[in-house]
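To be precise, the following lines are start-v4.cif, and they hold mmCIF, C-alpha atoms and all ligand atoms.
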```cif
data_entry
#
loop_
_atom_site.label_atom_id
_atom_site.label_comp_id
_atom_site.auth_asym_id
_atom_site.auth_seq_id
_atom_site.Cartn_x
_atom_site.Cartn_y
_atom_site.Cartn_z
CA MET A 264 5.16 -29.84 -11.35
CA LYS A 265 8.31 -27.82 -10.76
CA LYS A 266 8.08 -25.53 -7.77
CA LEU A 267 8.41 -21.79 -8.35
CA ASN A 268 11.35 -20.12 -6.61
CA LEU A 269 9.66 -17.40 -4.64
CA ILE A 270 11.35 -14.80 -2.44
CA VAL A 271 9.28 -13.09 0.23
CA ILE A 272 10.82 -9.79 1.33
CA MET A 273 9.66 -8.32 4.64
CA GLY A 274 10.48 -5.58 7.14
CA GLY A 275 11.91 -2.49 5.50
CA ARG A 276 12.91 1.01 6.50
CA SER A 277 9.47 2.54 6.95
CA ALA A 278 7.49 3.25 10.10
CA GLU A 279 5.33 0.29 9.10
CA HIS A 280 8.18 -2.26 9.57
CA GLU A 281 6.25 -4.17 12.25
CA ILE A 282 3.01 -4.26 10.23
CA SER A 283 5.02 -5.73 7.37
CA LEU A 284 6.31 -8.53 9.63
CA LEU A 285 2.79 -9.36 10.80
CA SER A 286 1.56 -9.48 7.21
CA ALA A 287 4.56 -11.53 6.05
CA LYS A 288 4.04 -14.09 8.79
CA ASN A 289 0.50 -14.76 7.59
CA ILE A 290 1.56 -14.88 3.96
CA VAL A 291 4.44 -17.29 4.54
CA THR A 292 2.22 -19.62 6.56
CA ALA A 293 -0.54 -19.62 3.94
CA LEU A 294 1.60 -20.06 0.82
CA ASP A 295 1.27 -23.53 -0.70
CA LYS A 296 4.61 -25.28 -0.06
CA GLU A 297 3.83 -27.78 -2.84
CA LYS A 298 3.81 -24.94 -5.35
CA TYR A 299 6.54 -22.66 -4.04
CA ALA A 300 10.11 -23.10 -2.85
CA ILE A 301 10.23 -20.13 -0.51
CA THR A 302 13.25 -18.08 0.54
CA LEU A 303 12.81 -15.35 3.10
CA VAL A 304 14.68 -12.05 3.09
CA GLY A 305 14.36 -9.48 5.88
CA ILE A 306 15.26 -5.83 5.42
CA ASP A 307 16.25 -4.28 8.74
CA LYS A 308 15.42 -0.72 9.77
CA ASN A 309 18.75 0.49 8.36
CA GLY A 310 17.99 -1.00 4.96
CA THR A 311 20.34 -4.02 5.08
CA TRP A 312 19.05 -7.22 3.51
CA HIS A 313 19.43 -10.42 5.55
CA LEU A 314 18.70 -14.06 4.93
CA LEU A 315 16.15 -15.54 7.29
CA ASP A 316 15.55 -19.04 8.59
CA ASN A 317 12.26 -20.31 7.12
CA GLU A 318 11.12 -21.82 10.41
CA ASP A 319 12.34 -19.23 12.87
CA TYR A 320 12.51 -15.69 11.53
CA LEU A 321 10.60 -13.60 14.02
CA ILE A 322 11.08 -12.49 17.61
CA ASN A 323 7.76 -12.14 19.50
CA PRO A 324 5.73 -13.13 16.42
CA THR A 325 2.36 -12.66 18.09
CA ASP A 326 2.92 -9.26 19.68
CA PRO A 327 2.40 -6.36 17.26
CA LYS A 328 4.32 -3.97 19.54
CA THR A 329 7.52 -6.00 20.00
CA ILE A 330 7.57 -8.22 16.91
CA ALA A 331 11.02 -8.06 15.25
CA LEU A 332 13.17 -9.78 12.64
CA LYS A 333 15.41 -12.62 13.79
CA VAL A 334 18.12 -12.47 11.14
CA LEU A 335 20.75 -15.03 10.11
CA PRO A 336 24.38 -13.86 9.94
CA GLN A 337 24.32 -13.96 6.12
CA LYS A 338 23.41 -10.81 4.26
CA ALA A 339 21.67 -11.20 0.92
CA THR A 340 21.48 -9.32 -2.38
CA ILE A 341 19.51 -9.77 -5.57
CA LEU A 342 21.79 -9.42 -8.57
CA PRO A 343 20.21 -7.38 -11.33
CA TYR A 344 21.15 -9.81 -14.13
CA PRO A 345 17.89 -9.96 -16.09
CA GLU A 346 19.02 -13.05 -18.03
CA ARG A 347 19.36 -15.01 -14.83
CA PRO A 348 18.26 -13.13 -11.71
CA MET A 349 19.92 -14.62 -8.63
CA LEU A 350 19.95 -14.20 -4.91
CA ILE A 351 23.46 -14.23 -3.51
CA GLU A 352 25.08 -14.10 -0.11
CA SER A 353 26.56 -10.60 -0.25
CA ALA A 354 29.88 -11.04 1.57
CA ILE A 355 31.17 -14.05 -0.36
CA GLY A 356 29.14 -13.86 -3.55
CA LYS A 357 27.82 -17.41 -3.06
CA CYS A 358 24.69 -18.10 -5.04
CA ILE A 359 21.69 -19.00 -2.90
CA ILE A 360 19.00 -19.14 -5.59
CA GLU A 361 20.03 -19.48 -9.19
CA GLN A 362 16.78 -18.59 -10.85
CA ILE A 363 14.28 -16.40 -9.05
CA ASP A 364 10.77 -16.88 -10.48
CA ALA A 365 8.99 -14.17 -8.49
CA VAL A 366 9.35 -11.84 -5.53
CA PHE A 367 6.59 -11.03 -3.06
CA PRO A 368 7.57 -7.71 -1.47
CA ILE A 369 5.43 -7.32 1.59
CA LEU A 370 6.75 -3.91 2.55
CA HIS A 371 4.86 -0.73 3.28
CA GLY A 372 5.56 2.97 2.86
CA THR A 373 8.91 4.52 2.01
CA TYR A 374 11.35 2.21 0.14
CA GLY A 375 8.73 -0.52 0.06
CA GLU A 376 5.53 0.69 -1.49
CA ASP A 377 6.82 3.79 -3.27
CA GLY A 378 8.30 2.35 -6.47
CA THR A 379 11.91 2.15 -5.30
CA ILE A 380 12.16 -1.60 -4.72
CA GLN A 381 9.75 -2.16 -7.61
CA GLY A 382 12.21 -0.27 -9.87
CA TYR A 383 15.06 -2.42 -8.61
CA LEU A 384 13.17 -5.64 -9.29
CA GLU A 385 12.19 -4.32 -12.71
CA LEU A 386 15.87 -3.70 -13.45
CA ALA A 387 16.67 -7.21 -12.27
CA GLY A 388 14.03 -8.65 -14.60
CA ILE A 389 12.12 -10.40 -11.83
CA PRO A 390 8.33 -10.60 -11.68
CA TYR A 391 7.05 -9.03 -8.46
CA VAL A 392 3.69 -8.89 -6.73
CA GLY A 393 1.77 -5.61 -6.67
CA ALA A 394 1.82 -2.42 -8.71
CA ASP A 395 4.82 -1.62 -10.89
CA ALA A 396 7.27 1.21 -10.23
CA LEU A 397 5.06 3.91 -11.73
CA GLY A 398 1.81 2.76 -10.09
CA SER A 399 3.58 2.43 -6.75
CA SER A 400 5.10 5.90 -6.81
CA ILE A 401 1.83 7.50 -7.91
CA GLY A 402 0.04 5.67 -5.10
CA MET A 403 2.54 6.95 -2.56
CA ASP A 404 2.30 10.62 -3.48
CA LYS A 405 -1.10 11.97 -2.47
CA VAL A 406 -0.67 15.12 -4.57
CA MET A 407 0.23 13.27 -7.77
CA MET A 408 -2.54 10.79 -7.10
CA LYS A 409 -5.18 13.50 -6.70
CA ARG A 410 -3.97 15.47 -9.68
CA LEU A 411 -4.46 12.38 -11.84
CA LEU A 412 -7.88 11.69 -10.32
CA LYS A 413 -8.89 15.26 -11.05
CA GLU A 414 -7.70 14.95 -14.63
CA ALA A 415 -9.76 11.78 -15.05
CA LYS A 416 -12.77 13.56 -13.47
CA ILE A 417 -12.97 10.99 -10.69
CA PRO A 418 -14.53 12.51 -7.57
CA THR A 419 -12.04 13.24 -4.75
CA PRO A 420 -12.12 15.83 -1.94
CA ARG A 421 -11.11 19.31 -3.08
CA PHE A 422 -7.44 19.94 -2.30
CA LEU A 423 -4.55 22.39 -2.43
CA TYR A 424 -0.86 21.62 -2.10
CA PHE A 425 2.13 23.55 -0.86
CA PHE A 426 5.90 23.27 -0.64
CA LYS A 427 8.16 24.19 2.26
CA GLY A 428 8.68 27.95 2.22
CA ASP A 429 5.28 28.73 0.62
CA LYS A 430 3.17 31.33 2.37
CA LEU A 431 0.19 29.66 4.05
CA SER A 432 -2.91 31.46 5.22
CA TYR A 433 -5.77 29.70 6.99
CA THR A 434 -8.15 32.48 5.96
CA THR A 435 -7.39 32.06 2.26
CA ILE A 436 -7.36 28.26 2.40
CA SER A 437 -10.58 27.99 4.41
CA LYS A 438 -12.31 30.32 1.95
CA LYS A 439 -11.58 27.73 -0.74
CA LEU A 440 -11.97 24.47 1.17
CA GLY A 441 -14.22 25.27 4.12
CA SER A 442 -13.38 25.84 7.77
CA THR A 443 -12.66 22.18 8.60
CA ILE A 444 -9.70 20.81 6.69
CA PHE A 445 -7.22 17.93 6.74
CA ILE A 446 -3.49 18.66 6.55
CA LYS A 447 -1.20 15.79 5.48
CA PRO A 448 2.38 15.18 4.39
CA ALA A 449 2.22 14.27 0.67
CA ASN A 450 4.20 11.03 0.98
CA LEU A 451 3.44 8.97 4.03
CA GLY A 452 0.97 6.48 5.42
CA SER A 453 -0.52 5.14 8.63
CA SER A 454 -2.04 8.59 9.32
CA VAL A 455 1.38 9.83 10.52
CA GLY A 456 1.64 13.64 10.48
CA ILE A 457 -2.06 14.11 9.63
CA SER A 458 -4.26 16.64 11.46
CA LYS A 459 -7.86 17.68 11.29
CA VAL A 460 -8.00 21.45 11.70
CA LYS A 461 -11.04 23.53 12.53
CA ASN A 462 -9.66 27.00 13.19
CA GLU A 463 -6.73 29.32 12.72
CA SER A 464 -5.13 28.52 16.07
CA GLU A 465 -4.74 24.82 15.16
CA PHE A 466 -3.56 25.56 11.65
CA ASN A 467 0.09 26.59 12.07
CA ALA A 468 1.03 23.69 14.33
CA ALA A 469 -0.66 21.22 11.96
CA ALA A 470 1.17 22.60 8.92
CA GLU A 471 4.46 22.53 10.82
CA LEU A 472 3.85 18.92 11.84
CA ALA A 473 3.13 17.82 8.26
CA PHE A 474 6.24 19.65 6.99
CA ARG A 475 8.33 17.69 9.48
CA TYR A 476 7.65 14.58 7.39
CA ASP A 477 7.74 15.95 3.86
CA HIS A 478 8.69 19.01 1.82
CA LYS A 479 5.26 18.89 0.20
CA ILE A 480 1.91 18.89 1.99
CA ILE A 481 -1.68 18.47 0.88
CA ILE A 482 -4.64 20.26 2.41
CA GLU A 483 -8.12 18.88 1.77
CA GLU A 484 -11.69 19.79 2.54
CA ALA A 485 -13.03 17.56 5.33
CA ILE A 486 -15.64 15.14 4.03
CA GLU A 487 -18.50 14.19 6.28
CA GLY A 488 -19.64 10.66 5.57
CA ARG A 489 -18.68 7.00 5.76
CA GLU A 490 -15.25 5.46 5.08
CA ILE A 491 -15.53 2.66 2.54
CA GLU A 492 -12.71 0.46 1.25
CA ILE A 493 -12.64 -2.01 -1.60
CA SER A 494 -10.07 -4.54 -2.85
CA VAL A 495 -9.10 -4.53 -6.50
CA LEU A 496 -7.11 -7.34 -8.13
CA GLY A 497 -5.78 -7.74 -11.66
CA ASN A 498 -3.72 -6.32 -14.51
CA GLU A 499 -5.56 -5.37 -17.71
CA ASN A 500 -8.93 -6.71 -16.59
CA PRO A 501 -9.11 -6.12 -12.85
CA LYS A 502 -11.99 -7.12 -10.62
CA ALA A 503 -13.32 -5.56 -7.45
CA SER A 504 -14.37 -7.28 -4.22
CA LEU A 505 -17.36 -6.38 -2.10
CA PRO A 506 -16.76 -3.12 -0.20
CA GLY A 507 -16.01 -2.89 3.52
CA GLU A 508 -16.41 -0.06 6.01
CA ILE A 509 -14.11 1.46 8.63
CA ILE A 510 -15.95 2.99 11.54
CA PRO A 511 -13.55 4.96 13.77
CA GLN A 512 -14.70 4.84 17.39
CA ASN A 513 -13.77 7.32 20.13
CA HIS A 514 -11.52 9.16 17.67
CA GLU A 515 -12.17 12.19 15.47
CA PHE A 516 -10.87 10.28 12.42
CA TYR A 517 -8.96 7.10 11.54
CA SER A 518 -5.77 8.40 13.12
CA TYR A 519 -2.54 6.53 13.96
CA GLU A 520 -3.90 5.90 17.48
CA ALA A 521 -7.20 4.57 16.15
CA LYS A 522 -5.35 2.31 13.68
CA TYR A 523 -2.62 0.82 15.84
CA ILE A 524 -2.66 1.86 19.49
CA ASP A 525 -6.25 1.76 20.65
CA ASP A 526 -7.61 -1.80 20.41
CA ASN A 527 -11.11 -0.35 20.18
CA GLY A 528 -10.11 2.53 17.89
CA ALA A 529 -12.22 1.36 14.98
CA ARG A 530 -14.68 -1.27 13.87
CA LEU A 531 -14.43 -2.97 10.49
CA ASP A 532 -17.66 -3.96 8.77
CA ILE A 533 -16.92 -6.69 6.25
CA PRO A 534 -18.80 -6.45 3.98
CA ALA A 535 -20.18 -2.92 4.43
CA GLN A 536 -23.91 -2.37 4.85
CA LEU A 537 -24.64 -0.76 1.50
CA SER A 538 -27.46 -1.04 -1.01
CA ASP A 539 -26.90 -2.92 -4.29
CA LYS A 540 -26.94 0.39 -6.10
CA GLU A 541 -24.29 1.82 -3.78
CA ILE A 542 -22.11 -1.30 -4.16
CA LYS A 543 -22.30 -0.98 -7.92
CA ALA A 544 -21.39 2.72 -7.83
CA CYS A 545 -18.54 2.12 -5.43
CA LYS A 546 -17.05 -0.68 -7.54
CA LYS A 547 -17.29 1.48 -10.61
CA VAL A 548 -15.44 4.43 -9.12
CA ALA A 549 -12.79 2.13 -7.60
CA MET A 550 -12.10 0.47 -10.95
CA ARG A 551 -11.84 3.83 -12.68
CA ALA A 552 -9.38 5.04 -10.05
CA TYR A 553 -7.34 1.82 -10.36
CA ALA A 554 -6.96 2.30 -14.10
CA SER A 555 -6.30 6.05 -13.95
CA LEU A 556 -3.60 5.63 -11.32
CA ALA A 557 -1.68 3.05 -13.39
CA CYS A 558 -2.30 0.22 -10.92
CA SER A 559 -1.66 -3.44 -11.60
CA GLY A 560 -1.50 -6.53 -9.41
CA MET A 561 -3.52 -5.21 -6.51
CA ALA A 562 -4.65 -2.14 -4.62
CA ARG A 563 -6.99 -1.29 -1.81
CA VAL A 564 -9.04 1.69 -2.89
CA ASP A 565 -10.23 3.86 0.02
CA MET A 566 -13.09 6.29 -0.37
CA PHE A 567 -15.70 8.36 1.40
CA LEU A 568 -19.41 7.97 0.88
CA GLU A 569 -20.29 11.62 1.27
CA LYS A 570 -23.36 12.28 3.40
CA LYS A 571 -24.63 15.37 1.63
CA SER A 572 -24.21 14.18 -1.97
CA GLY A 573 -24.49 10.37 -1.60
CA LYS A 574 -21.42 10.18 -3.88
CA PHE A 575 -18.27 8.10 -3.54
CA LEU A 576 -15.12 10.24 -3.37
CA ILE A 577 -11.70 8.61 -3.63
CA ASN A 578 -9.51 9.23 -0.60
CA GLU A 579 -6.45 7.20 -1.59
CA ILE A 580 -5.15 3.92 -2.90
CA ASN A 581 -2.74 1.60 -1.13
CA THR A 582 -0.67 -0.53 -3.48
CA ILE A 583 0.59 -2.86 -0.72
CA PRO A 584 -2.25 -2.99 1.77
CA GLY A 585 -2.03 -4.71 5.15
CA PHE A 586 -2.10 -8.46 4.72
CA THR A 587 -2.69 -9.98 8.13
CA LYS A 588 -5.53 -12.48 8.38
CA ILE A 589 -7.76 -9.76 9.80
CA SER A 590 -6.71 -7.07 7.33
CA MET A 591 -9.32 -5.49 5.10
CA TYR A 592 -7.75 -6.42 1.74
CA PRO A 593 -7.70 -10.23 2.13
CA LYS A 594 -10.87 -10.24 4.26
CA LEU A 595 -12.85 -8.49 1.52
CA TRP A 596 -11.70 -11.13 -0.96
CA GLU A 597 -12.66 -13.87 1.44
CA VAL A 598 -16.25 -12.60 1.68
CA SER A 599 -16.22 -12.24 -2.11
CA GLY A 600 -15.34 -15.93 -2.58
CA LEU A 601 -11.53 -15.93 -2.87
CA SER A 602 -9.67 -17.55 0.02
CA TYR A 603 -6.44 -16.12 1.46
CA SER A 604 -4.22 -18.72 -0.24
CA GLN A 605 -6.10 -18.51 -3.56
CA LEU A 606 -5.52 -14.76 -3.41
CA LEU A 607 -1.77 -15.28 -2.93
CA ASP A 608 -1.66 -17.67 -5.92
CA GLU A 609 -3.51 -15.13 -8.05
CA LEU A 610 -1.15 -12.30 -7.05
CA ILE A 611 1.92 -14.36 -8.00
CA HIS A 612 0.27 -15.38 -11.25
CA LEU A 613 -0.44 -11.70 -12.05
CA ALA A 614 3.19 -10.78 -11.36
CA ILE A 615 4.43 -13.39 -13.84
CA GLU A 616 1.77 -12.49 -16.39
CA ARG A 617 2.78 -8.80 -16.30
CA LYS A 618 6.44 -9.67 -16.82
CA GLN A 619 5.56 -11.92 -19.77
CA ALA A 620 3.45 -9.19 -21.36
CA LYS A 621 6.33 -6.72 -21.00
CA GLN A 622 8.76 -9.20 -22.55
CA LYS A 623 6.68 -9.22 -25.72
CA LEU A 624 7.29 -5.50 -26.23
CA VAL A 625 9.96 -4.34 -28.63
CA PHE A 626 12.78 -2.47 -26.92
CA SER A 627 14.93 -1.57 -29.89
CA TYR A 628 14.26 0.23 -33.08
CA ALA A 629 14.69 -2.09 -36.03
CA LEU A 630 14.74 -0.69 -39.56
N1 LIG B 1 -10.56 14.82 3.34
C1 LIG B 1 -10.88 14.09 4.40
N2 LIG B 1 -12.11 14.17 4.96
C2 LIG B 1 -12.44 13.42 6.04
N3 LIG B 1 -11.59 12.55 6.65
C3 LIG B 1 -10.35 12.43 6.15
C4 LIG B 1 -9.92 13.17 4.98
N4 LIG B 1 -8.66 12.83 4.71
C5 LIG B 1 -8.29 11.91 5.65
N5 LIG B 1 -9.30 11.67 6.51
C6 LIG B 1 -9.22 10.77 7.68
O1 LIG B 1 -7.85 10.54 7.99
C7 LIG B 1 -7.49 9.17 7.79
C8 LIG B 1 -6.08 9.06 7.24
O2 LIG B 1 -5.96 9.77 6.02
P1 LIG B 1 -5.35 9.12 4.70
O3 LIG B 1 -5.37 10.16 3.66
O4 LIG B 1 -6.07 7.86 4.41
O5 LIG B 1 -3.84 8.87 5.13
P2 LIG B 1 -2.95 7.55 5.26
O6 LIG B 1 -2.28 7.39 3.92
O7 LIG B 1 -1.96 7.89 6.31
O8 LIG B 1 -3.86 6.40 5.58
C9 LIG B 1 -8.58 8.62 6.88
O9 LIG B 1 -8.71 7.23 7.03
C10 LIG B 1 -9.79 9.40 7.37
O10 LIG B 1 -10.29 8.87 8.60
MG MG B 2 -5.55 5.82 4.58
#
```
Write out the structure in this file as C-alpha cells.
Amino acid sequence: MKKLNLIVIMGGRSAEHEISLLSAKNIVTALDKEKYAITLVGIDKNGTWHLLDNEDYLINPTDPKTIALKVLPQKATILPYPERPMLIESAIGKCIIEQIDAVFPILHGTYGEDGTIQGYLELAGIPYVGADALGSSIGMDKVMMKRLLKEAKIPTPRFLYFFKGDKLSYTTISKKLGSTIFIKPANLGSSVGISKVKNESEFNAAAELAFRYDHKIIIEEAIEGREIEISVLGNENPKASLPGEIIPQNHEFYSYEAKYIDDNGARLDIPAQLSDKEIKACKKVAMRAYASLACSGMARVDMFLEKKSGKFLINEINTIPGFTKISMYPKLWEVSGLSYSQLLDELIHLAIERKQAKQKLVFSYAL
C-alpha cells in the first residue's frame, strides 16, 4: 500500500505554543510509519514556517516549561496549487513534497485553531484534520458560539457581550446575570484573561484585564456545578465518547494556574462518575452542540452539570483539543475503546473524506 504523505504542523504564534509541541510529540511518535510518510513543519512564535528533522525536532522535549522547537535552516511553505499541493523550501523554491495527501495541524488558539490556517489549507486544496475554517472560527469566538447555541435552544449559561468603549455597569449586569459572574475575552483560550467576579470592586479591573486581550468581551452568569467534558469525532455522523470530569483543586475555577502551573491544580476523572441517564443526556447535548456549531473532524465539548437544575449547559467547544497522552480528548476515546493511534488514523480518514465530499459539489453554474 502506498504511504500517505502527511505533514504535521506544530508550534504556532499563540500562547499555547508549548502545549502544541507536547501534543505534536505524542502524535508523531504514535503515527503508524507503515501508513504515513511524515514531514514535520514547525511554526515559530513569529509565524515563520521551518522544516524540522524527523528524529530531532525538540529542545527539552520532556519539560513542559522549557520545551522548544529545534528548527532546521530551511524555511518551508505550502503552495496553494489545488491541482497539486506541494511543500517547498521557501528560499530556493525547491520542492520537498510533490503531493501532500493530508495535513495534521496540531496548533492551538490564535492562527492555529481559529480558522486562519484552515482557510489557507482549504485554498491549497489539502485535506486537514479537525474542523473546517467556519467551524474553527465559530469555536474560537465565545460570543458567536453562544449566540448560535442560543438560537438552537441548546442550554448555555446566560451571557452578555460588550465592545471596547461600551459603558459597563456592574449593578445593571448583576441584575441580569446574578452577583457572581465570569468575565472573559471573546477570543482566547487557556483561561487567559478570565476572572470570576463577586462584587463591584473586582469588576472594573476584571473588565480591563479582559479588554487587554480582545476588543470584545463576554460576561456570563457563574454556574455552580460539575465540569464535564466529552470527545466528539466525525463529519456527518459523529459519535461521542464517554464523558470525563475536571475537578479543580485549591483554585476557585479551572484557571491558567490550575491548568498549567500548579501540578495539583485539578484532577481528571476519566470516565466521569455519572449515571447512565446523565451520560445519555450529556452525549445528546454535546452532539447537538457539535452540529449547531458547524463542527467536523473532532471537538472536545465542555459543559457544566448544573447543581440546581441537574441540566447540562454547554460552556465551550475546542476544535483542536490538547493531544498529549494524558490529555482528556484522546484519553476519553481510549476508555471508550479507541486507542490513541486508531484515533489518529480516524482523524486523517475524516479529513480526506471531507475533502472528497466537497469535491463532489458543483462550483460553477452550468446552463
Ligand atoms: N459561566 C461559568 N460558570 C462557572 N465557571 C466558569 C464559567 N465560565 C468559565 N468558568 C470556569 O473558567 C474556566 C475557563 O473558562 P472557559 O470559558 O472554558 O475558557 P477557556 O477557553 O480559556 O478554557 C472553565 O473551565 C471553568 O472552570
Ligand atoms: Mg475551557
Cut-off 7 Å, all atoms listed in the file, neighbours of ligand LIG 1 (chain B) as number ranges by chain = A: 420, 444-445, 451-455, 457, 483-487, 490, 516-518, 578-579
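Shortest atom-to-atom contact with Asn498 of chain A among A:Phe586, A:Tyr553, A:Phe367, A:Tyr299: A:Tyr553, counting all atoms listed in the file.
In this comparison, which uses all atoms listed in the file, the residue of A:His280, A:Lys296, A:Arg489, A:Lys416 approaching Asp532 of chain A most closely is A:Arg489.
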Box in all listed atoms of segment 605-616 of chain A, axis-aligned, with 5 Å more on each side; write out centre and edge lengths in Å to one decimal as JSON.
```
{"center_x": -0.8, "center_y": -14.6, "center_z": -9.7, "size_x": 20.5, "size_y": 17.7, "size_z": 23.5}
```
Give me the residues within 12 Å of Ser353 of chain A as an mmCIF file with C-alpha atoms, keeping the file's coordinate frame, counting only C-alpha atoms and dropping any in the same chain fewer than 5 places off.
```cif
data_model
loop_
_atom_site.group_PDB
_atom_site.id
_atom_site.type_symbol
_atom_site.label_atom_id
_atom_site.label_comp_id
_atom_site.auth_asym_id
_atom_site.auth_seq_id
_atom_site.Cartn_x
_atom_site.Cartn_y
_atom_site.Cartn_z
ATOM 1 C CA THR A 311 20.340 -4.020 5.080
ATOM 2 C CA TRP A 312 19.050 -7.220 3.510
ATOM 3 C CA HIS A 313 19.430 -10.420 5.550
ATOM 4 C CA LEU A 314 18.700 -14.060 4.930
ATOM 5 C CA PRO A 336 24.380 -13.860 9.940
ATOM 6 C CA GLN A 337 24.320 -13.960 6.120
ATOM 7 C CA LYS A 338 23.410 -10.810 4.260
ATOM 8 C CA ALA A 339 21.670 -11.200 0.920
ATOM 9 C CA THR A 340 21.480 -9.320 -2.380
ATOM 10 C CA ILE A 341 19.510 -9.770 -5.570
ATOM 11 C CA LEU A 342 21.790 -9.420 -8.570
ATOM 12 C CA CYS A 358 24.690 -18.100 -5.040
ATOM 13 C CA ILE A 359 21.690 -19.000 -2.900
#
```
Find the residues near segment 559-567 of chain A: any atom within 9 Å, counting only C-alpha atoms, skip ones fewer than 5 places away on the same chain, and give them as a count of residues only.
-> 48
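Nearest to ligand MG 2 (chain B) of all the residues A:Ser538, A:Ile524, A:Pro327, A:Gly585 is A:Gly585, counting all atoms listed in the file.
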List every protein, DNA or RNA residue with an atom no more than 8 Å from (0.0, 14.9, 5.7) in the file's coordinates, counting all atoms listed in the file, and format the result as a PyMOL selection string.
-> chain A and resi 445-451+454-458+473-474+476+480-482
Measure the distance from atom CA of Ser627 of chain A to atom CA of Glu346 of chain A in Å and round it to one decimal.
-> 17.0 Å
Just the residues within 7 Å of Ala331 of chain A, please, counting only C-alpha atoms, with nothing from its chain fewer than 4 positions along; format it as a PyMOL selection string.
-> chain A and resi 281+321-323
In terms of the shortest atom-to-atom distance over all atoms listed in the file, which of A:Lys618, A:Lys522, A:Lys623, A:His612 is closest to Pro345 of chain A?
-> A:Lys618
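Nearest residue to ligand MG 2 (chain B) among A:Leu315, A:Met403, A:Leu332, A:Tyr344 is A:Met403, counting only C-alpha atoms and all ligand atoms.
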Record the distance separating atom CA of Ile510 of chain A and atom CA of Gln536 of chain A, expressed in Å with one decimal.
->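 Going from atom CA of Ile510 of chain A over to atom CA of Gln536 of chain A covers 11.7 Å.
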Students should find that atom CA of Ala535 of chain A and atom CA of Pro511 of chain A are spaced 13.9 Å
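Closest approach to Glu541 of chain A among A:Asn462, A:Lys479, A:Leu303, A:Pro506 is made by A:Pro506 (distances from only C-alpha atoms).
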Shell around Tyr383 of chain A at 12 Å using only C-alpha atoms, local window under 2 positions removed, as a PyMOL selection string = chain A and resi 340-345+348+366+368+374-375+377-381+385-391+395-396
For Asp319 of chain A, please output as JSON, numbers by chain all residues within 10 Å (counting only C-alpha atoms; exclusion window: fewer than 6 positions along the same chain).
-> {"A": [332, 333, 334, 335]}
Would you list the residues near (8.4, -26.8, -8.7), meaning any protein, DNA or RNA residue with an atom at most 12 Å from that point in file coordinates, counting all atoms listed in the file, as a PyMOL selection string?
-> chain A and resi 264-269+295-301+362-364
Missing atoms in segment 359-370 of chain A: can you complete it with N, CA and C atoms, as a short mmCIF file (atom, residue, chain, number, x, y, z; two decimals), keeping the file's coordinate frame?
```cif
data_model
loop_
_atom_site.label_atom_id
_atom_site.label_comp_id
_atom_site.auth_asym_id
_atom_site.auth_seq_id
_atom_site.Cartn_x
_atom_site.Cartn_y
_atom_site.Cartn_z
N ILE A 359 22.64 -18.30 -3.76
CA ILE A 359 21.69 -19.00 -2.90
C ILE A 359 20.53 -19.53 -3.75
N ILE A 360 20.03 -18.68 -4.64
CA ILE A 360 19.00 -19.14 -5.59
C ILE A 360 19.46 -18.75 -6.98
N GLU A 361 19.48 -19.72 -7.85
CA GLU A 361 20.03 -19.48 -9.19
C GLU A 361 19.04 -18.83 -10.13
N GLN A 362 17.78 -19.14 -9.95
CA GLN A 362 16.78 -18.59 -10.85
C GLN A 362 15.57 -18.18 -10.03
N ILE A 363 15.43 -16.88 -9.83
CA ILE A 363 14.28 -16.40 -9.05
C ILE A 363 13.07 -16.31 -9.99
N ASP A 364 11.97 -16.94 -9.62
CA ASP A 364 10.77 -16.88 -10.48
C ASP A 364 9.87 -15.70 -10.14
N ALA A 365 9.82 -15.33 -8.87
CA ALA A 365 8.99 -14.17 -8.49
C ALA A 365 9.39 -13.69 -7.10
N VAL A 366 9.11 -12.41 -6.86
CA VAL A 366 9.35 -11.84 -5.53
C VAL A 366 8.01 -11.32 -4.99
N PHE A 367 7.77 -11.57 -3.73
CA PHE A 367 6.59 -11.03 -3.06
C PHE A 367 7.10 -10.00 -2.05
N PRO A 368 7.14 -8.70 -2.45
CA PRO A 368 7.57 -7.71 -1.47
C PRO A 368 6.40 -7.35 -0.57
N ILE A 369 6.51 -7.72 0.69
CA ILE A 369 5.43 -7.32 1.59
C ILE A 369 6.00 -6.24 2.51
N LEU A 370 6.10 -5.06 1.91
CA LEU A 370 6.75 -3.91 2.55
C LEU A 370 5.80 -2.74 2.39
#
```
